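The structure file data08.cif is reproduced below (mmCIF, C-alpha atoms).
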```cif
data_target
#
loop_
_atom_site.group_PDB
_atom_site.id
_atom_site.type_symbol
_atom_site.label_atom_id
_atom_site.label_comp_id
_atom_site.auth_asym_id
_atom_site.auth_seq_id
_atom_site.Cartn_x
_atom_site.Cartn_y
_atom_site.Cartn_z
ATOM 1 C CA MET A 1 57.689 129.079 -89.953
ATOM 2 C CA ASN A 2 55.492 126.044 -90.528
ATOM 3 C CA ALA A 3 53.995 126.580 -87.073
ATOM 4 C CA VAL A 4 53.087 130.172 -87.969
ATOM 5 C CA TRP A 5 51.343 129.061 -91.159
ATOM 6 C CA MET A 6 49.532 126.297 -89.275
ATOM 7 C CA VAL A 7 48.289 128.788 -86.652
ATOM 8 C CA LEU A 8 47.068 131.143 -89.396
ATOM 9 C CA LEU A 9 45.330 128.309 -91.242
ATOM 10 C CA CYS A 10 43.670 126.959 -88.105
ATOM 11 C CA GLY A 11 42.674 130.490 -87.091
ATOM 12 C CA SER A 12 41.055 131.055 -90.496
ATOM 13 C CA LEU A 13 39.189 127.757 -90.314
ATOM 14 C CA ALA A 14 38.025 128.467 -86.762
ATOM 15 C CA ALA A 15 36.859 131.976 -87.698
ATOM 16 C CA ALA A 16 34.982 130.643 -90.739
ATOM 17 C CA PHE A 17 33.340 127.959 -88.626
ATOM 18 C CA TRP A 18 32.482 130.449 -85.857
ATOM 19 C CA THR A 19 30.987 133.065 -88.198
ATOM 20 C CA GLY A 20 29.401 130.643 -90.652
ATOM 21 C CA SER A 21 31.346 132.010 -93.611
ATOM 22 C CA TRP A 22 32.635 128.752 -95.102
ATOM 23 C CA ARG A 23 31.650 129.847 -98.593
ATOM 24 C CA ASP A 24 33.607 133.104 -98.302
ATOM 25 C CA LEU A 25 36.654 131.213 -97.046
ATOM 26 C CA SER A 26 36.423 128.700 -99.915
ATOM 27 C CA ALA A 27 36.017 131.467 -102.501
ATOM 28 C CA ALA A 28 38.963 133.415 -101.062
ATOM 29 C CA ALA A 29 41.179 130.298 -101.045
ATOM 30 C CA LEU A 30 40.374 129.510 -104.687
ATOM 31 C CA LEU A 31 40.843 133.131 -105.764
ATOM 32 C CA GLY A 32 44.176 133.277 -103.943
ATOM 33 C CA ALA A 33 45.356 130.108 -105.669
ATOM 34 C CA GLN A 34 44.302 131.477 -109.063
ATOM 35 C CA GLN A 35 46.086 134.790 -108.443
ATOM 36 C CA GLY A 36 49.189 132.917 -107.306
ATOM 37 C CA VAL A 37 49.392 131.069 -110.606
ATOM 38 C CA THR A 38 48.762 134.265 -112.593
ATOM 39 C CA ILE A 39 51.472 136.183 -110.731
ATOM 40 C CA THR A 40 53.891 133.271 -111.101
ATOM 41 C CA PHE A 41 53.552 133.282 -114.890
ATOM 42 C CA SER A 42 53.804 137.079 -115.036
ATOM 43 C CA ILE A 43 56.962 137.050 -112.945
ATOM 44 C CA ALA A 44 58.426 134.215 -115.024
ATOM 45 C CA GLY A 45 58.216 136.338 -118.159
ATOM 46 C CA ALA A 46 59.811 139.339 -116.487
ATOM 47 C CA LEU A 47 62.551 137.208 -114.947
ATOM 48 C CA CYS A 48 63.337 135.733 -118.360
ATOM 49 C CA LEU A 49 63.585 139.259 -119.757
ATOM 50 C CA TRP A 50 65.891 140.539 -117.002
ATOM 51 C CA THR A 51 67.971 137.369 -116.938
ATOM 52 C CA GLY A 52 68.451 137.693 -120.701
ATOM 53 C CA LEU A 53 69.368 141.345 -120.277
ATOM 54 C CA SER A 54 71.899 140.431 -117.601
ATOM 55 C CA ARG A 55 73.418 137.846 -119.971
ATOM 56 C CA VAL A 56 73.752 140.533 -122.639
ATOM 57 C CA MET A 57 75.361 142.848 -120.069
ATOM 58 C CA GLU A 58 77.694 140.037 -119.024
ATOM 59 C CA ARG A 59 78.738 139.278 -122.602
ATOM 60 C CA ALA A 60 79.219 142.981 -123.308
ATOM 61 C CA GLY A 61 81.524 143.197 -120.303
ATOM 62 C CA LEU A 62 79.302 145.561 -118.304
ATOM 63 C CA SER A 63 78.921 143.167 -115.361
ATOM 64 C CA GLU A 64 82.700 142.766 -115.199
ATOM 65 C CA LYS A 65 83.166 146.558 -115.234
ATOM 66 C CA LEU A 66 80.639 146.927 -112.418
ATOM 67 C CA GLY A 67 82.485 144.190 -110.568
ATOM 68 C CA ARG A 68 85.793 146.039 -111.007
ATOM 69 C CA LEU A 69 84.201 149.155 -109.538
ATOM 70 C CA LEU A 70 83.051 147.153 -106.512
ATOM 71 C CA ARG A 71 86.295 145.256 -105.864
ATOM 72 C CA PRO A 72 88.025 148.018 -103.853
ATOM 73 C CA ILE A 73 85.021 148.324 -101.539
ATOM 74 C CA LEU A 74 84.527 144.577 -101.261
ATOM 75 C CA GLY A 75 88.245 144.068 -100.693
ATOM 76 C CA ARG A 76 88.015 146.308 -97.625
ATOM 77 C CA LEU A 77 84.866 144.616 -96.356
ATOM 78 C CA PHE A 78 86.255 141.113 -96.942
ATOM 79 C CA PRO A 79 90.031 141.370 -96.390
ATOM 80 C CA ASN A 80 90.571 137.620 -95.883
ATOM 81 C CA ALA A 81 88.510 136.613 -98.908
ATOM 82 C CA ALA A 82 90.168 139.349 -100.989
ATOM 83 C CA ARG A 83 93.434 137.418 -100.755
ATOM 84 C CA ASP A 84 91.843 134.751 -102.971
ATOM 85 C CA ALA A 85 90.804 135.914 -106.451
ATOM 86 C CA ASP A 86 88.184 133.168 -106.787
ATOM 87 C CA ALA A 87 86.480 134.027 -103.491
ATOM 88 C CA LEU A 88 86.476 137.755 -104.225
ATOM 89 C CA GLY A 89 85.169 137.074 -107.723
ATOM 90 C CA LYS A 90 82.241 135.067 -106.356
ATOM 91 C CA ILE A 91 81.487 137.740 -103.753
ATOM 92 C CA THR A 92 81.623 140.396 -106.470
ATOM 93 C CA GLY A 93 79.313 138.328 -108.682
ATOM 94 C CA ASN A 94 76.851 137.937 -105.820
ATOM 95 C CA VAL A 95 76.758 141.652 -105.034
ATOM 96 C CA THR A 96 76.591 142.573 -108.735
ATOM 97 C CA ALA A 97 73.650 140.215 -109.348
ATOM 98 C CA ASN A 98 71.838 141.770 -106.375
ATOM 99 C CA LEU A 99 72.549 145.269 -107.693
ATOM 100 C CA LEU A 100 70.964 144.274 -110.985
ATOM 101 C CA GLY A 101 67.898 142.929 -109.175
ATOM 102 C CA LEU A 102 68.651 139.309 -110.017
ATOM 103 C CA GLY A 103 68.256 137.674 -106.623
ATOM 104 C CA ASN A 104 67.768 134.288 -108.282
ATOM 105 C CA ALA A 105 71.223 134.570 -109.831
ATOM 106 C CA ALA A 106 72.739 136.091 -106.686
ATOM 107 C CA THR A 107 71.824 133.199 -104.414
ATOM 108 C CA PRO A 108 73.901 130.476 -106.121
ATOM 109 C CA LEU A 109 76.844 132.887 -106.363
ATOM 110 C CA GLY A 110 76.507 133.664 -102.661
ATOM 111 C CA ILE A 111 76.455 129.968 -101.793
ATOM 112 C CA GLU A 112 79.564 129.378 -103.925
ATOM 113 C CA ALA A 113 81.293 132.345 -102.269
ATOM 114 C CA VAL A 114 80.520 131.064 -98.771
ATOM 115 C CA LYS A 115 81.760 127.577 -99.700
ATOM 116 C CA ARG A 116 85.000 129.080 -101.009
ATOM 117 C CA MET A 117 85.372 131.254 -97.904
ATOM 118 C CA GLN A 118 84.756 128.209 -95.740
ATOM 119 C CA ALA A 119 87.474 126.273 -97.561
ATOM 120 C CA LEU A 120 89.872 129.200 -97.099
ATOM 121 C CA SER A 121 89.134 129.328 -93.369
ATOM 122 C CA GLY A 122 89.929 125.659 -92.860
ATOM 123 C CA GLY A 123 86.294 124.546 -92.695
ATOM 124 C CA ALA A 124 85.053 127.021 -90.081
ATOM 125 C CA ALA A 125 81.302 126.897 -89.567
ATOM 126 C CA ALA A 126 80.708 130.633 -89.991
ATOM 127 C CA THR A 127 83.403 133.267 -90.052
ATOM 128 C CA ASP A 128 82.696 136.956 -89.606
ATOM 129 C CA GLU A 129 83.181 137.490 -93.345
ATOM 130 C CA MET A 130 80.714 134.719 -94.204
ATOM 131 C CA CYS A 131 78.149 136.317 -91.892
ATOM 132 C CA LEU A 132 78.824 139.714 -93.457
ATOM 133 C CA LEU A 133 78.242 138.310 -96.950
ATOM 134 C CA ILE A 134 74.947 136.814 -95.827
ATOM 135 C CA VAL A 135 73.963 140.186 -94.339
ATOM 136 C CA LEU A 136 74.796 141.956 -97.616
ATOM 137 C CA ASN A 137 72.998 139.308 -99.641
ATOM 138 C CA THR A 138 69.923 139.640 -97.435
ATOM 139 C CA ALA A 139 69.978 143.456 -97.617
ATOM 140 C CA SER A 140 70.127 143.068 -101.414
ATOM 141 C CA VAL A 141 70.958 146.596 -102.538
ATOM 142 C CA GLN A 142 69.262 146.866 -105.926
ATOM 143 C CA LEU A 143 69.702 149.372 -108.709
ATOM 144 C CA ILE A 144 67.003 147.627 -110.755
ATOM 145 C CA PRO A 145 64.274 145.973 -108.631
ATOM 146 C CA ALA A 146 63.193 143.733 -111.500
ATOM 147 C CA THR A 147 61.259 141.125 -109.522
ATOM 148 C CA VAL A 148 59.253 143.629 -107.491
ATOM 149 C CA ALA A 149 58.511 145.649 -110.615
ATOM 150 C CA ALA A 150 57.332 142.464 -112.353
ATOM 151 C CA VAL A 151 54.955 141.697 -109.487
ATOM 152 C CA ARG A 152 53.646 145.272 -109.577
ATOM 153 C CA ALA A 153 53.164 145.096 -113.352
ATOM 154 C CA SER A 154 51.330 141.776 -113.093
ATOM 155 C CA LEU A 155 48.966 143.325 -110.560
ATOM 156 C CA GLY A 156 48.191 146.223 -112.903
ATOM 157 C CA ALA A 157 50.504 149.006 -111.672
ATOM 158 C CA ALA A 158 50.598 151.806 -114.245
ATOM 159 C CA ARG A 159 54.232 152.605 -113.395
ATOM 160 C CA PRO A 160 55.796 149.490 -111.870
ATOM 161 C CA PHE A 161 59.242 151.108 -111.529
ATOM 162 C CA GLU A 162 58.059 154.165 -109.572
ATOM 163 C CA ILE A 163 59.239 152.371 -106.425
ATOM 164 C CA VAL A 164 62.898 152.684 -107.425
ATOM 165 C CA PRO A 165 63.803 155.623 -105.111
ATOM 166 C CA ALA A 166 62.161 153.909 -102.140
ATOM 167 C CA VAL A 167 63.933 150.624 -102.952
ATOM 168 C CA TRP A 168 67.288 152.414 -103.224
ATOM 169 C CA LEU A 169 66.810 154.160 -99.886
ATOM 170 C CA ALA A 170 65.510 151.104 -98.020
ATOM 171 C CA SER A 171 68.126 148.709 -99.389
ATOM 172 C CA ALA A 172 71.005 151.173 -98.831
ATOM 173 C CA LEU A 173 69.920 151.792 -95.239
ATOM 174 C CA SER A 174 69.490 148.084 -94.559
ATOM 175 C CA ALA A 175 72.907 147.313 -96.065
ATOM 176 C CA ILE A 176 74.617 150.058 -94.050
ATOM 177 C CA GLY A 177 72.852 148.980 -90.868
ATOM 178 C CA GLY A 178 73.672 145.334 -91.532
ATOM 179 C CA VAL A 179 77.355 146.002 -92.236
ATOM 180 C CA LEU A 180 77.664 148.148 -89.118
ATOM 181 C CA ALA A 181 75.968 145.488 -86.982
ATOM 182 C CA ALA A 182 78.143 142.740 -88.482
ATOM 183 C CA LYS A 183 81.294 144.766 -87.765
ATOM 184 C CA VAL A 184 80.190 145.639 -84.193
ATOM 185 C CA PHE A 185 79.325 142.044 -83.332
ATOM 186 C CA ALA A 186 82.298 140.497 -85.145
ATOM 187 C CA ARG A 187 84.442 138.127 -83.114
ATOM 188 C CA HIS A 188 87.892 139.617 -82.913
ATOM 189 C CA GLY A 189 90.653 137.193 -82.283
#
```
Write the structure described by the file as structure tokens, please.
Amino acid sequence: MNAVWMVLLCGSLAAAFWTGSWRDLSAAALLGAQQGVTITFSIAGALCLWTGLSRVMERAGLSEKLGRLLRPILGRLFPNAARDADALGKITGNVTANLLGLGNAATPLGIEAVKRMQALSGGAAATDEMCLLIVLNTASVQLIPATVAAVRASLGAARPFEIVPAVWLASALSAIGGVLAAKVFARHG
């Protein structure tokens, strides 16, 4: 990825040199940096709000109830991990955090789940179930796309959550496609 960014940077510098638009390039770079900082602070506030809300949901038992609803499905998707309550709990926590739009919380749970699954498999580098969890984590089915809505709000969107139906459709299709691909390409035996 560093090579891609280097090519883009060098291409921009070459184009600015070639066209004589150094001032435009400098102004765009400074404006981009300023907008990056502004968006970062806007997102930080929204993430604090949604993280706090998720804590309230957790303490009220709503996250656990959502997790219980998911366990039968996840038990079928991850039959080996389902034999271990700790592994299934971490997988459930990962998927639940993604459903709530809390990718920042989902990532550490996903890492813990993969570590537990690795320990259960005798230290295997990547089992089919580990790969499937990574596929599901990457697809990130979200009921509440909090981070994207925060970015939209910080950029002045009048209705930052109007993207919800599109997010549901895209994430559901990517999760279904990912699970099917993971199952088709799974090593059997």
- Message: Using only C-alpha atoms, which protein or nucleic acid residues come within 10 Å of Ala175 of chain A? Drop anything in the same chain fewer than 4 positions from it, and give the result as a list in words.
- Response: Leu132, Val135, Leu136, Asn137, Thr138, Ala139, Ser140, Val141, Leu169, Ala170, Ser171, Val179, Leu180 and Ala181 of chain A
- Task: Give me, please, the distance in Å between atom CA of Asn2 of chain A and atom CA of Val151 of chain A, quoted to one decimal.
- Result: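 Atom-to-atom, atom CA of Asn2 of chain A and atom CA of Val151 of chain A are spaced 24.6 Å apart.
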- Message: Using all atoms listed in the file, list the residues that have an atom at most 12 Å from (53.8, 149.6, -111.3), coordinates as in the file, as a ChimeraX atom specification.
- Response: /A:145-164
- Task: Just give me the gap between atom CA of Leu74 of chain A and atom CA of Val56 of chain A in Å, one decimal is fine.
- Result: 24.3 Å
- Find, counting all atoms listed in the file, the residue in A:Glu64, A:Asp128, A:Asp24, A:Glu112 that gets nearest to Asn80 of chain A.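 Residue with the minimum atom-to-atom distance to Asn80 of chain A: A:Asp128.
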Using the incomplete input, complete segment 19-42 of chain A to the level of N, CA and C atoms; output as a short mmCIF file (atom, residue, chain, number, x, y, z; two decimals), in the frame of the given file.
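Contents of out_20.cif, freshly written:
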```
data_model
loop_
_atom_site.label_atom_id
_atom_site.label_comp_id
_atom_site.auth_asym_id
_atom_site.auth_seq_id
_atom_site.Cartn_x
_atom_site.Cartn_y
_atom_site.Cartn_z
N THR A 19 31.85 132.05 -87.59
CA THR A 19 30.99 133.06 -88.20
C THR A 19 30.07 132.51 -89.28
N GLY A 20 30.25 131.25 -89.63
CA GLY A 20 29.40 130.64 -90.65
C GLY A 20 29.74 131.10 -92.06
N SER A 21 30.96 131.49 -92.29
CA SER A 21 31.35 132.01 -93.61
C SER A 21 32.25 131.05 -94.37
N TRP A 22 31.86 129.76 -94.39
CA TRP A 22 32.64 128.75 -95.10
C TRP A 22 32.74 129.07 -96.59
N ARG A 23 31.64 129.54 -97.16
CA ARG A 23 31.65 129.85 -98.59
C ARG A 23 32.63 130.96 -98.92
N ASP A 24 32.67 132.00 -98.08
CA ASP A 24 33.61 133.10 -98.30
C ASP A 24 35.05 132.62 -98.20
N LEU A 25 35.31 131.76 -97.22
CA LEU A 25 36.65 131.21 -97.05
C LEU A 25 37.04 130.37 -98.26
N SER A 26 36.14 129.53 -98.74
CA SER A 26 36.42 128.70 -99.92
C SER A 26 36.67 129.56 -101.15
N ALA A 27 35.84 130.59 -101.34
CA ALA A 27 36.02 131.47 -102.50
C ALA A 27 37.35 132.21 -102.42
N ALA A 28 37.70 132.69 -101.23
CA ALA A 28 38.96 133.42 -101.06
C ALA A 28 40.15 132.49 -101.30
N ALA A 29 40.08 131.25 -100.84
CA ALA A 29 41.18 130.30 -101.04
C ALA A 29 41.37 130.00 -102.53
N LEU A 30 40.27 129.78 -103.25
CA LEU A 30 40.37 129.51 -104.69
C LEU A 30 40.87 130.73 -105.46
N LEU A 31 40.39 131.92 -105.10
CA LEU A 31 40.84 133.13 -105.76
C LEU A 31 42.34 133.36 -105.51
N GLY A 32 42.76 133.13 -104.28
CA GLY A 32 44.18 133.28 -103.94
C GLY A 32 45.05 132.32 -104.73
N ALA A 33 44.60 131.09 -104.88
CA ALA A 33 45.36 130.11 -105.67
C ALA A 33 45.44 130.53 -107.13
N GLN A 34 44.33 131.02 -107.67
CA GLN A 34 44.30 131.48 -109.06
C GLN A 34 45.24 132.67 -109.25
N GLN A 35 45.20 133.62 -108.34
CA GLN A 35 46.09 134.79 -108.44
C GLN A 35 47.55 134.39 -108.29
N GLY A 36 47.82 133.40 -107.47
CA GLY A 36 49.19 132.92 -107.31
C GLY A 36 49.75 132.38 -108.60
N VAL A 37 48.95 131.62 -109.32
CA VAL A 37 49.39 131.07 -110.61
C VAL A 37 49.59 132.20 -111.62
N THR A 38 48.67 133.14 -111.66
CA THR A 38 48.76 134.26 -112.59
C THR A 38 50.03 135.08 -112.33
N ILE A 39 50.28 135.40 -111.08
CA ILE A 39 51.47 136.18 -110.73
C ILE A 39 52.74 135.40 -111.07
N THR A 40 52.72 134.09 -110.81
CA THR A 40 53.89 133.27 -111.10
C THR A 40 54.26 133.34 -112.58
N PHE A 41 53.27 133.22 -113.46
CA PHE A 41 53.55 133.28 -114.89
C PHE A 41 53.98 134.68 -115.31
N SER A 42 53.39 135.71 -114.72
CA SER A 42 53.80 137.08 -115.04
C SER A 42 55.24 137.33 -114.62
#
```
